Structure formats: structure tokens, C-alpha cells
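Taking it in order: structure first as C-alpha cells, then the write-up.
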Amino acid sequence: MNVKKTLLLIAAGLSFAGEVFGAVEIKESDGAITICNSRASLALSRSDFSLRQIRDRIRREDYVKEPGGPLFLIALWDPKHPGKELNIPNWFNTTVDIVVDAQKATSFEYSKEIKDGKAVLTLKYRGIPVRTQTGLVDVTVMVSLADGSGLFEWGLSMSNATSLQLYEVHFPVLQGLASGIPGSETNDYVAVSSYCGGEKKPLPRSMGEIGQGGGEYPGIGVQLLSYCDGLGGALYFASHDPAAYRKTFIYQPCASKKAFQWYVIHYADQPGVGAWKLPYSVFCGPIQGDWYDAAKLYKRMFADKAWKSLSERTDVAPWFRDLSVWFQGYAFNGEKIGEGDSKDGMKEFSDKMVKLRDMLGEDYGFHWYLWQKYARHDYRYPDYLPASPGFKEAVEKLEKAGVHAMPYVNIRQFETSLPMWRDEHAENFAIRNIKGELDTSTTIKGVEHFADRDEKKLMGNMCFGASYWPNKVVDIERQVLGDYGVSALYLDELAGYPSFCYATNHKHPCHGGTYFAAGENKILRDIRALQEWGGKPPVIVGENTSEAYINYCDGLLNGHSDMRPDSLPIFHIVHSNHTTEIGTLVVGTESHDLDIFLSKLGFNLVRGRQLGWLNIYLEMLTPEFSKQLVKLREFCNVRRAGQEFLFFGEHLRTPVLDALPKVERKWEVGPCFGKVSYALPVVLGECYRAPNGEIGLILVNHTDKTHTAKIPWNTKDWGIAVGTKISRQDYGNGQWSKPISQAMADNLTVTVPAYTPMIVKIISDK
Ligand SMILES: [Zn+2]
């Protein structure tokens with residue numbers, strides 16, 4: 001057997017001629033216990049179970065540069081005297097000083113078992129003393145490896161005989177990490193999931209002034225970090241938890257600044273003495289590739305099992321599937337904000353929006369702000385109803401014309417000075433911080449959020465685990481649907497910061513647990529079931545991207561939070577076939593410039609999002625925007641023609657377009673972040689796989705000259721081998737070309753006309 005074939009079999013974990021490649025074993029020698037197969041090995045010290053080495057046995061790459069350190073940190077607390085360390089939990093800052101030190105265990109005992117193709121190592125830390133306490137803590141760590149897998153599965157359980165309660169567990173703490181391959185020290189990075197996609201964070205061994213990184217789940221999109229050596233090797237680090245327990249991912253440099261550590265903080269969902277068990281597993285191990293391969297592994301091993309694909313779902317509204325573009329805004333000009341709106345103003349506005357529908361020749365969605373009673377943003381929530389005068393008539397007119405109205409409702413905030421707050425005893429159902437105070441922060445930095453800066457009225461954040469609040473939100477949406485007949489609902493802050501709640505009168509465990517995601521999912525489920533939809537399939541859109549909610553909503557608005565062309569689409573690479581992302585904001589001042597307008601629209605299209613979140617509906621009616629209008633229509637057509645890829649499909653690795661010239665594009669990258677210059681290839685492109693296996697390249701030329709791209713065919717990630725008989729069809733100018741049969745070449749040559757979006761479809765003839 002040749003080496004290449006052997007490696008392929010090892011990679012697939014298959015057996016050949018009775019021999020299992022990648023079969024697991026546990027070795028004991030030289031003071032170490034090693035759990036391994038032919039893909040990966042993990043070595044621990046026999047004396048204290050500290051980490052010695054994680055090795056990629058295929059690439060022969062070691063990932064532990066500085067061995068040692070305990071595998072966990074357990075923090076205990078006394079709820080009656082939390083102490084100043086246990087202040088309001090803040091961004092990455094839940095440090096406590098009553099810790100269970102693994103290395104102080106009275107004894108370290110282990111057992112091993114190999115069964116059904118899985119090696120399991122059970123590590124027992126017995127009798128760990130805790131300062132000033134009479135009782136002891138026992139901890140059991142389980143680490144396992146399956147035949148053919150390179151990922152080690154970590155579990156932890158403990159018993160606590162002290163009088164303190166469990167606060168949080170950091171586990172597995174993997175210290176001293178960094179690739180040993182020369183050159184990695186200047187090329188490595190951690191790929192981290194964010195609230196809106198993902199980011200590449202360079203040089204985790206030093207990290208400059210930032211100090212640490214990571215993310216709060218379920219606020220961040222996926223439960224995954226990956227460390228990439230920048231040279232073809234990577235470490236995978238993820239929890240596979242479909243219930244969306246509250247947790248935090250951390251990575252930070254070691255003291256030497258020559259290695260880094262990472263761990264997950266698990267917040268105790270059952271505070272109290274006694275037993276506790278981590279309710280899901282964490283996986284870590286070497287993989288070949290980079291962040292993209294880590295995201296695909298996470299998808300295959302976990303996400304595809306936990307969430308349904310859109311093509312499997314039976315509750316997707318046909319209009320939402322076919323919708324290409326969203327506008328956003330409100331009915332009147334900025335000067336009038338806060339004064340409500342007149343019935344005449346609403347009529348004038350709705351007439352213009354119908355005119356836009358006719359000029360565009362395309363149904364569109366309208367994300368409607370300031371429709372509510374006070375017509376003012378972040379003001380007197382949740383007192384939304386009745387709506388501004390004329391809203392009902394305007395919605396009726398728009399819906400009839402093919403404009404889908406989606407009014408804004410905030411899912412979290414409640415103004416504490418409202419009579420409703422007092423009359424409904426809402427204070428009893430708000431989030432309480434660890435000191436029992438009202439949680440009034442709405443940002444991750446804990447800045448107080450005032451409904452009105454002059455009046456200093458606070459917005460309280462409401463608890464999803466207290467039944468009053470989910471019921472209140474559902475009741476508001478019931479009335480919005482019943483009274484106004486809109487076809488979609490928008491829930492702001494759906495994937496916002498996942499606050500902790502310490503209210504003792506709520507029916508959820510204080511601190512950790514699943515109440516945050518479970519409460520939001522209950523809201524979504526109950527809204528979907530409302531009779532007020534009148535037989536129409538429900539459409540719900542939430543803010544930002546988080547997998548925790550995608551079973552019960554239809555779209556996730558990303559338009560204002562990920563506008564950077566250099567962001568990593570980690571969330572989309574995992575979930576593009578499970579949910580729909582919406583938008584890239586183009587602000588008014590950018591939209592006059594066709595280069596900027598089309599580069600942003602192009603980025604939006606190729607990233608697979610429904611287009612727009614455009615706030616330029618009035619401008620679009622003017623002759624100065626006639627080119628923008630024509631181009632927008634063309635982009636809408638391409639999105640619909642490529643529905644199998646862009647709505648139902650799986651986002652694959654980005655085509656290599658480095659051979660094309662680059663142009664400078666200066667973009668507004670967020671409502672508050674200003675403009676950033678990017679050097680972009682003259683043709684933007686992404687690749688997708690439809691549910692039926694067809695491959696689609698979505699390409700956009702955002703310049704005023706025709707360009708021909710020679711795209712290297714990527715068999716590894718796109719799946720059709722060079723030389724295979726294929727048919728190719730191109731979509732442009734509103735139609736598909738006739739299929740042309742050919743052998744798949746090393747390169748795909750595509751000529752993309754100026755300012756034009758197109759699709760190249762490749763069908764394997766096999
Ligand atoms: Zn609560």
C-alpha cells in the first residue's frame with residue numbers, strides 16, 4: 001500500500017484488510033501516561049496529571065512548548081459573603097480567590113479502558129483541601145480518544161464537602177501551547193467567533209496590550225476557537241453543547257510570552273455543596289489545515305446534528321426564501337424624531353415606498369424603526385402600543401404592494417420610570433447582579449444605558465428565565481401581528497450579551513445554566529405559534545449571529561455588525577445552510593459612489609446574505625440614483641437565481657483571487673467605527689455547495705472595467721476532482737447560459753463584465 005493511500009485511510013479512520021488505522025491505545029512509560037492513535041497523542045504526567053504534550057502525529061507537530069500546570073481551576077464562593085472579587089461579572093472578569101488547587105490533591109489515581117474503539121483515561125484527584133474549610137473536594141477528569149479521530153474529549157465531575165458553593169470551573173486549562181514549527185511564531189493566530197462572524201487574532205503568544213481574548217456564549221456565534229500555526233497545522237478547541245449553557249472562552253499569553261493558554265469557563269448551574277458534573281464535552285486536538293477546517297469539523301461533528309438545515313425545515317416562508325433585499329428606516333425626517341408622526345406623514349411615506357417597489361420591480365423587506373407610540377429609539381420600552389397614527393393603513397398598503405413590513409421590538413429593555421414598570425411589578429422579573437441590584441447595563445462594558453440622558457431614566461434588563469418577561473414580549477408581538485398585519489417581526493438584542501442573573505425569586509438557578517438561551521428560545525417558539533399570523537408562515541429576524549436561536553427564527557441581522565471584508569465568516573461557514581444572514585449597511589454618503597456602493601453590495605452578495613439593510617430609500621427615488629437602482633435589481637436577480645447556493649447552500653472555502661489586480665475601497669465599517677481602507681481584488685468571489693451537490697461560484701466585478709479571473713480549482717474543499725466530466729453554466733444578464741460539457745480543468749476562467757454580479761455553476765456528470 002502506498003503512503004498516500006494509507007494516510008487517506010488514516011484520515012478517514014477506515015479499516016483495511018482487517019487492520020484498523022488510527023486504532024487507539026494508552027501507553028504508560030517514563031513518568032507519563034499517553035493516550036494516542038496514529039493521528040494524535042496526548043501525554044500527561046503520571047505523578048500530578050499535568051499536561052506534557054499534544055502531538056499531531058500526521059504532521060509530526062508538537063503543540064506544547066511549556067509543559068506543566070493543572071488541567072482545571074475550580075472556584076468556590078459563599079453567596080452570603082461574595083466579597084469584592086465577586087462584583088458584577090464583567091467582560092472576562094469573574095476572578096475569585098477561593099480556588100481548588102488540583103496540585104494539592106492528597107492522591108492522584110487513574111484508570112484506563114479501551115472499549116468499542118474508544119480509549120478512556122479516568123483521572124481521580126482525591127482529597128483537595130480548600131483554605132479555611134474542613135471538608136475536601138474530589139475531582140474526576142475523563143479524557144477519551146476514538147479510533148480515527150484526532151480530537152480528545154474532555155469531561156469533569158466533582159464532589160464538594162466544604163460549606164462553600166461551586167461558582168465556576170475553568171476546564172480544560174491547556175497551558176504552554178504554541179506550535180514548535182519554525183516560522184509559526186510570526187505567522188500564528190487564534191480564530192475567534194464573535195457576535196457577528198469571526199476574527200483572526202494574530203500572535204497569541206504575546207498579544208501586545210490586549211492581554212486576553214475569547215468570547216461569551218451564547219452571545220458569540222459558535223462554541224469554537226482554533227489556533228492556527230499559519231503553516232498548515234491547527235488546534236481545535238470547542239464545546240459541543242446543544243442546550244447553550246452560559247460559558248466563556250478564554251485565550252491568553254503565558255508569563256513567558258512564548259506560549260499561550262486557553263480554557264473554557266463553565267458557570268455552575270447548580271450552586272451548592274455536593275456533586276456537580278459538566279453537562280457537555282469539550283474537544284481539543286490537532287487538525288490539518290486552518291480555521292476553515294476547524295469550522296467544517298465543528299459543523300460535521302456537532303452543528304449539523306444539533307440544528308436543522310433550511311432545506312429540511314418545513315416552516316420557511318416562500319416570500320422570505322425568495323426575498324433579495326431589505327431597506328431600513330422610518331417614516332419621517334430626523335427633525336421630527338420624538339414628536340410622533342402624523343397620519344399624513346405616514347401616507348406620504350407609504351406612497352413613496354410603493355413607488356420604490358414599482359421602480360425596483362422587486363418585492364423587498366422594510367425593517368421599520370420608530371413605528372411605535374412614542375416614535376423614538378431606546379425610549380419607553382416596552383410601551384410600544386398603539387402604533388403611531390397611520391401605521392396600520394401604511395402597513396396594509398405596503399404589504400399589498402409587495403413590501404414586507406418588519407417592525408422593531410427590543411427583546412430585553414424596560415424603562416424603569418414607566419407606570420407599567422410599577423403596575424406590573426416588573427422589577428421582580430428584571431435581572432439582578434450578584435449584589436442583588438438591578439442590572440441596567442446594556443453593553444458588554446457595563447455602561448449604564450439611559451432611556452433619556454436628560455431625565456436619567458434607566459432601562460432595566462429583563463430576565464428571560466422569569467416567565468413574566470417572555471410572556472410580555474409574546475403578548476406585544478401578538479398585538480403587533482393581530483392589529484397591524486405585518487409579515488415579519490424583528491427582535492433587537494436577540495444575540496446580545498448573555499447576562500448572568502442572581503435574582504433569588506426567579507425559577508432558574510442563579511449564575512450559570514441554560515435559562516438565558518432557553519428563555520429566548522421560548523419567546524421565539526411561542527411567537528411562531530401565534531394564531532395572529534393568520535395562517536401565513538411566521539418570519540422572525542433577530543440581531544447578530546448566534547447558533548443558540550436558529551431553530552426558531554428565520555434570519556439574523558448582520559448588516560451593522562460585520563461590514564469588514566477581512567472578517568472571518570466562521571459563523572457562516574458553519575451555519576449558512578441552517579439560517580440566513582441579512583445585510584451590509586451602506587450609509588447615505590457612500591451610496592453616491594458607484595464603486596463603493598457596488599463593492600459593498602458585492603461583499604454582501606458573495607457572503608450569502610440577503611442584500612441591503614439600505615437606509616437610502618428616498619435617495620433611490622431620485623434620478624441621481626438611477627444606476628444604483630438598476631444595479632440593485634441585477635444583484636437581486638442573481639441572489640434569487642443562485643438560491644440553491646445563497647439561501648440553501650453550504651458556504652465553502654473562498655476562491656483564491658490573488659492573481660487579479662487590487663483596488664482601494666474605503667468603507668464605513670460600522671455605525672460608530674468610521675471608514676477603513678481595504679485593498680480588494682477587482683472581482684470578489686465565494687464558493688457554495690447546493691443541497692444537490694452542485695457547486696456555485698458567486699462573483700462580483702465592482703469596477704468599471706471588464707476583468708477575466710483565472711480561479712484555481714480547489715478539489716480538496718469544493719469536492720470535484722480535476723479531470724472529472726462536468727457541465728458548466730453561467731448566470732448573468734438575467735439568464736443562464738446553455739450547459740457546456742467539459743473536463744474539470746486546473747483553473748476556471750471567468751470573464752466578469754464591469755459592475756456585474758454573476759454565478760458559475762459546476763455540475764458533476766457522474
Ligand atoms: Zn433571572
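Lettering and numbering for the C-alpha cells are positional, with chains as A, B, ... in the shown order, residues counted from 1 in each chain, and ligands counted from 1 in the shown order.
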I'd like the contact shell of Ser764 in chain A - 10 Å cut-off, only C-alpha atoms, skipping same-chain residues fewer than 4 positions apart - returned as a ChimeraX atom specification. /A:693-695,719-721,724-728,741-744
Serialized selection, N, CA, C and O atoms, as a PDB file, in the first residue's frame:
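Output below, filename out_35.pdb:
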ATOM      1  N   GLY A 693     -25.566  18.991  -4.372  1.00  0.00           N
ATOM      2  CA  GLY A 693     -24.150  18.733  -4.654  1.00  0.00           C
ATOM      3  C   GLY A 693     -23.533  19.640  -5.712  1.00  0.00           C
ATOM      4  O   GLY A 693     -22.321  19.620  -5.921  1.00  0.00           O
ATOM      5  N   GLU A 694     -24.357  20.443  -6.397  1.00  0.00           N
ATOM      6  CA  GLU A 694     -23.799  21.357  -7.401  1.00  0.00           C
ATOM      7  C   GLU A 694     -22.956  22.428  -6.718  1.00  0.00           C
ATOM      8  O   GLU A 694     -23.260  22.855  -5.606  1.00  0.00           O
ATOM      9  N   ILE A 695     -21.909  22.847  -7.422  1.00  0.00           N
ATOM     10  CA  ILE A 695     -21.025  23.885  -6.877  1.00  0.00           C
ATOM     11  C   ILE A 695     -21.327  25.202  -7.576  1.00  0.00           C
ATOM     12  O   ILE A 695     -21.482  25.238  -8.809  1.00  0.00           O
ATOM     13  N   GLY A 719     -14.666  19.684  -3.771  1.00  0.00           N
ATOM     14  CA  GLY A 719     -15.129  18.312  -3.908  1.00  0.00           C
ATOM     15  C   GLY A 719     -15.212  17.680  -5.289  1.00  0.00           C
ATOM     16  O   GLY A 719     -15.544  16.523  -5.381  1.00  0.00           O
ATOM     17  N   ILE A 720     -14.950  18.366  -6.379  1.00  0.00           N
ATOM     18  CA  ILE A 720     -14.981  17.723  -7.698  1.00  0.00           C
ATOM     19  C   ILE A 720     -13.540  17.636  -8.202  1.00  0.00           C
ATOM     20  O   ILE A 720     -12.857  18.653  -8.319  1.00  0.00           O
ATOM     21  N   ALA A 721     -13.070  16.418  -8.496  1.00  0.00           N
ATOM     22  CA  ALA A 721     -11.664  16.234  -8.870  1.00  0.00           C
ATOM     23  C   ALA A 721     -11.387  16.801 -10.259  1.00  0.00           C
ATOM     24  O   ALA A 721     -12.246  16.743 -11.159  1.00  0.00           O
ATOM     25  N   THR A 724     -12.598  15.354 -13.876  1.00  0.00           N
ATOM     26  CA  THR A 724     -13.965  14.825 -13.850  1.00  0.00           C
ATOM     27  C   THR A 724     -14.795  15.475 -14.955  1.00  0.00           C
ATOM     28  O   THR A 724     -14.619  16.656 -15.263  1.00  0.00           O
ATOM     29  N   LYS A 725     -15.708  14.684 -15.550  1.00  0.00           N
ATOM     30  CA  LYS A 725     -16.612  15.269 -16.558  1.00  0.00           C
ATOM     31  C   LYS A 725     -17.653  16.128 -15.853  1.00  0.00           C
ATOM     32  O   LYS A 725     -18.345  15.682 -14.938  1.00  0.00           O
ATOM     33  N   ILE A 726     -17.745  17.360 -16.277  1.00  0.00           N
ATOM     34  CA  ILE A 726     -18.693  18.291 -15.641  1.00  0.00           C
ATOM     35  C   ILE A 726     -19.491  19.051 -16.697  1.00  0.00           C
ATOM     36  O   ILE A 726     -19.142  19.053 -17.876  1.00  0.00           O
ATOM     37  N   SER A 727     -20.571  19.693 -16.242  1.00  0.00           N
ATOM     38  CA  SER A 727     -21.256  20.688 -17.071  1.00  0.00           C
ATOM     39  C   SER A 727     -21.099  22.027 -16.379  1.00  0.00           C
ATOM     40  O   SER A 727     -21.184  22.108 -15.159  1.00  0.00           O
ATOM     41  N   ARG A 728     -20.881  23.064 -17.170  1.00  0.00           N
ATOM     42  CA  ARG A 728     -20.762  24.409 -16.602  1.00  0.00           C
ATOM     43  C   ARG A 728     -21.850  25.305 -17.183  1.00  0.00           C
ATOM     44  O   ARG A 728     -22.107  25.287 -18.376  1.00  0.00           O
ATOM     45  N   SER A 741     -20.460  20.856 -21.619  1.00  0.00           N
ATOM     46  CA  SER A 741     -19.768  19.708 -21.025  1.00  0.00           C
ATOM     47  C   SER A 741     -18.276  19.845 -21.243  1.00  0.00           C
ATOM     48  O   SER A 741     -17.830  20.278 -22.315  1.00  0.00           O
ATOM     49  N   GLN A 742     -17.516  19.509 -20.252  1.00  0.00           N
ATOM     50  CA  GLN A 742     -16.059  19.594 -20.359  1.00  0.00           C
ATOM     51  C   GLN A 742     -15.438  18.788 -19.213  1.00  0.00           C
ATOM     52  O   GLN A 742     -16.151  18.346 -18.310  1.00  0.00           O
ATOM     53  N   ALA A 743     -14.118  18.617 -19.292  1.00  0.00           N
ATOM     54  CA  ALA A 743     -13.423  18.007 -18.152  1.00  0.00           C
ATOM     55  C   ALA A 743     -13.046  19.133 -17.196  1.00  0.00           C
ATOM     56  O   ALA A 743     -12.675  20.226 -17.637  1.00  0.00           O
ATOM     57  N   MET A 744     -13.164  18.875 -15.882  1.00  0.00           N
ATOM     58  CA  MET A 744     -12.817  19.907 -14.897  1.00  0.00           C
ATOM     59  C   MET A 744     -11.338  20.245 -15.032  1.00  0.00           C
ATOM     60  O   MET A 744     -10.478  19.365 -14.914  1.00  0.00           O
TER      61      MET A 744
END
Expected answer as number ranges by chain: alpha helix (DSSP H) residues in range 341-587 of chain A: A: 343-360, 391-401, 419-423, 468-484, 515-528, 570-575
Which residues are near ligand 1 in this structure, taking near to mean any atom at most 9 Å from a ligand atom and counting only C-alpha atoms and all ligand atoms? Format them as a PyMOL selection string. chain A and resi 429-432+462-466+500-511+515-516
Between A:Lys705, A:Gly22, A:Gly723, A:Leu438, which one has atoms that come closest to Lys766 in chain A, using only C-alpha atoms? A:Gly723
Among range 152-231 of chain A, which ones does DSSP place in strand (DSSP E), written as an MDAnalysis selection string? chainID A and resid 152:160 165:177 189:193 198:202 213:217 224:228
Could the residues in this selection be written to a file with N, CA and C atoms, as a CSV table (one decimal), in the first residue's frame?
chain,number,residue,atom,x,y,z
A,152,PHE,N,-9.4,15.0,21.3
A,152,PHE,CA,-9.6,14.5,22.7
A,152,PHE,C,-10.8,15.1,23.3
A,153,GLU,N,-11.6,14.2,23.9
A,153,GLU,CA,-12.9,14.6,24.5
A,153,GLU,C,-12.7,14.7,26.0
A,154,TRP,N,-13.1,15.9,26.6
A,154,TRP,CA,-12.8,16.2,28.0
A,154,TRP,C,-14.1,16.3,28.8
A,155,GLY,N,-14.2,15.6,29.9
A,155,GLY,CA,-15.3,15.7,30.8
A,155,GLY,C,-14.8,15.9,32.3
A,156,LEU,N,-15.7,16.4,33.1
A,156,LEU,CA,-15.2,16.7,34.5
A,156,LEU,C,-16.4,16.5,35.5
A,157,SER,N,-16.2,15.8,36.6
A,157,SER,CA,-17.2,15.8,37.6
A,157,SER,C,-16.5,16.0,39.0
A,158,MET,N,-17.3,16.5,40.0
A,158,MET,CA,-16.6,16.8,41.3
A,158,MET,C,-17.6,16.6,42.4
A,159,SER,N,-17.1,16.3,43.6
A,159,SER,CA,-17.9,16.4,44.8
A,159,SER,C,-17.2,17.3,45.8
A,160,ASN,N,-18.1,18.1,46.5
A,160,ASN,CA,-17.6,19.2,47.3
A,160,ASN,C,-18.1,19.0,48.7
A,165,GLN,N,-20.0,27.1,48.1
A,165,GLN,CA,-20.7,26.6,46.9
A,165,GLN,C,-19.8,26.7,45.7
A,166,LEU,N,-20.2,25.9,44.7
A,166,LEU,CA,-19.4,26.0,43.4
A,166,LEU,C,-19.8,27.2,42.7
A,167,TYR,N,-18.8,28.0,42.2
A,167,TYR,CA,-19.0,29.2,41.5
A,167,TYR,C,-18.7,29.0,40.0
A,168,GLU,N,-17.5,28.6,39.6
A,168,GLU,CA,-17.2,28.3,38.2
A,168,GLU,C,-16.0,27.3,38.1
A,169,VAL,N,-15.9,26.7,37.0
A,169,VAL,CA,-14.9,25.8,36.7
A,169,VAL,C,-14.2,26.2,35.4
A,170,HIS,N,-12.9,26.3,35.4
A,170,HIS,CA,-12.1,26.6,34.2
A,170,HIS,C,-11.5,25.2,33.7
A,171,PHE,N,-12.0,24.8,32.5
A,171,PHE,CA,-11.6,23.4,32.1
A,171,PHE,C,-11.9,23.2,30.7
A,172,PRO,N,-11.0,22.4,30.0
A,172,PRO,CA,-9.7,22.0,30.4
A,172,PRO,C,-8.7,23.2,30.2
A,173,VAL,N,-7.9,23.4,31.2
A,173,VAL,CA,-6.9,24.5,31.1
A,173,VAL,C,-5.7,23.9,30.4
A,174,LEU,N,-5.5,24.3,29.2
A,174,LEU,CA,-4.3,23.8,28.4
A,174,LEU,C,-3.3,24.9,28.3
A,175,GLN,N,-2.2,24.7,29.1
A,175,GLN,CA,-1.2,25.8,29.2
A,175,GLN,C,0.0,25.5,28.3
A,176,GLY,N,0.8,26.6,28.1
A,176,GLY,CA,2.1,26.4,27.4
A,176,GLY,C,2.0,26.0,26.0
A,177,LEU,N,0.8,26.4,25.3
A,177,LEU,CA,0.6,26.0,23.9
A,177,LEU,C,1.3,26.9,22.9
A,189,TYR,N,-2.0,32.5,14.7
A,189,TYR,CA,-3.1,33.3,15.1
A,189,TYR,C,-4.2,32.4,15.8
A,190,VAL,N,-5.1,33.1,16.5
A,190,VAL,CA,-6.3,32.4,17.0
A,190,VAL,C,-7.5,32.9,16.2
A,191,ALA,N,-8.3,32.0,15.7
A,191,ALA,CA,-9.5,32.4,15.0
A,191,ALA,C,-10.6,32.3,16.0
A,192,VAL,N,-11.3,33.4,16.2
A,192,VAL,CA,-12.3,33.5,17.3
A,192,VAL,C,-13.6,33.9,16.8
A,193,SER,N,-14.6,33.2,17.3
A,193,SER,CA,-16.0,33.6,16.9
A,193,SER,C,-16.4,34.8,17.6
A,198,GLY,N,-16.6,36.3,12.8
A,198,GLY,CA,-15.3,35.9,13.3
A,198,GLY,C,-14.2,36.8,13.0
A,199,GLU,N,-13.1,36.6,13.7
A,199,GLU,CA,-11.9,37.4,13.6
A,199,GLU,C,-10.7,36.6,13.7
A,200,LYS,N,-9.6,37.1,13.0
A,200,LYS,CA,-8.3,36.5,13.1
A,200,LYS,C,-7.5,37.3,14.1
A,201,LYS,N,-7.1,36.7,15.2
A,201,LYS,CA,-6.3,37.5,16.2
A,201,LYS,C,-4.9,37.0,16.2
A,202,PRO,N,-3.9,37.8,15.7
A,202,PRO,CA,-2.6,37.4,15.5
A,202,PRO,C,-1.8,37.2,16.8
A,213,GLY,N,-8.2,37.2,25.0
A,213,GLY,CA,-9.3,37.3,24.1
A,213,GLY,C,-10.2,36.1,24.3
A,214,GLY,N,-11.3,36.0,23.5
A,214,GLY,CA,-12.2,34.9,23.6
A,214,GLY,C,-13.6,35.3,23.3
A,215,GLY,N,-14.6,34.9,24.1
A,215,GLY,CA,-16.0,35.3,23.9
A,215,GLY,C,-16.9,34.7,24.8
A,216,GLU,N,-18.1,35.4,25.0
A,216,GLU,CA,-19.1,35.0,25.9
A,216,GLU,C,-20.2,34.2,25.1
A,217,TYR,N,-20.5,33.0,25.5
A,217,TYR,CA,-21.5,32.2,24.8
A,217,TYR,C,-22.7,32.1,25.7
A,224,LEU,N,-16.5,27.8,19.5
A,224,LEU,CA,-15.3,27.2,18.9
A,224,LEU,C,-14.1,28.3,18.8
A,225,LEU,N,-12.9,27.9,19.2
A,225,LEU,CA,-11.7,28.6,19.0
A,225,LEU,C,-10.8,27.7,18.2
A,226,SER,N,-10.0,28.3,17.3
A,226,SER,CA,-9.0,27.5,16.7
A,226,SER,C,-7.6,28.2,16.7
A,227,TYR,N,-6.6,27.5,17.0
A,227,TYR,CA,-5.2,28.1,17.0
A,227,TYR,C,-4.6,27.6,15.7
A,228,CYS,N,-4.1,28.5,14.8
A,228,CYS,CA,-3.6,28.1,13.5
A,228,CYS,C,-2.1,28.5,13.5
Would you give me, as a Markdown table, each residue of range 477-594 of chain A having an atom within 9 Å of an atom of range 364-382 of chain A, along with its shortest atom pair and that distance in Å to one decimal, using only C-alpha atoms and sorting by chain and residue number?
| residue | atom | partner | partner_atom | distance |
| --- | --- | --- | --- | --- |
| A:Ala488 | CA | A:Gly365 | CA | 8.8 |
| A:Leu489 | CA | A:His367 | CA | 8.8 |
| A:Tyr490 | CA | A:His367 | CA | 7.7 |
Would you mind listing what lies within 7 Å of range 649-655 of chain A as a VMD selection string, with only C-alpha atoms counted and same-chain residues fewer than 3 positions away left out? chain A and resid 572 to 573 576 to 577 644 to 646 685 to 691 711 717 to 718
I'd like the interatomic distance between CA of Met142 in chain A and CA of Ala548 in chain A, to a tenth of an Å.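 Answer for the CA of Met142 in chain A to CA of Ala548 in chain A separation: 26.5 Å.
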A:Ser388, A:Thr122, A:Thr579, A:Thr514 ranked by distance to Tyr484 in chain A, top pick (using only C-alpha atoms): A:Ser388
Which of these residues is nearest to Arg665 in chain A, using only C-alpha atoms: A:Asp704, A:Asp746, A:Asp566, A:Asp595?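 Under the stated criterion, the closest residue is A:Asp595.
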Leaving out Asp554 in chain A and any residue of its chain fewer than 3 positions from it, which residues lie within 10 Å of it when counting only C-alpha atoms, given as an MDAnalysis selection string? chainID A and resid 310 315:317 320:321 488 538:542 549:551 578:581
Go through A:Ile181, A:Val141, A:Ala745, A:Leu684 and flag the residue nearest Lys277 in chain A, using only C-alpha atoms for the distances.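 Smallest separation from Lys277 in chain A among the options: A:Val141.
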As an exercise, work out the distance from CA of Leu621 in chain A to CA of Glu348 in chain A in Å and give it to one decimal place.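 It comes out at 13.5 Å.
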If I take CA of Val64 in chain A and CA of Gly180 in chain A, how far is one from the other in Å, to one decimal?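 Spanning CA of Val64 in chain A to CA of Gly180 in chain A is a straight-line distance of 7.8 Å.
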Can you work out which one of A:Asn37, A:Ser206, A:Asn428, A:Asn410 has the shortest atom-to-atom distance to Val473 in chain A, counting only C-alpha atoms?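 Between A:Asn37, A:Ser206, A:Asn428, A:Asn410, the residue approaching Val473 in chain A most closely is A:Asn410.
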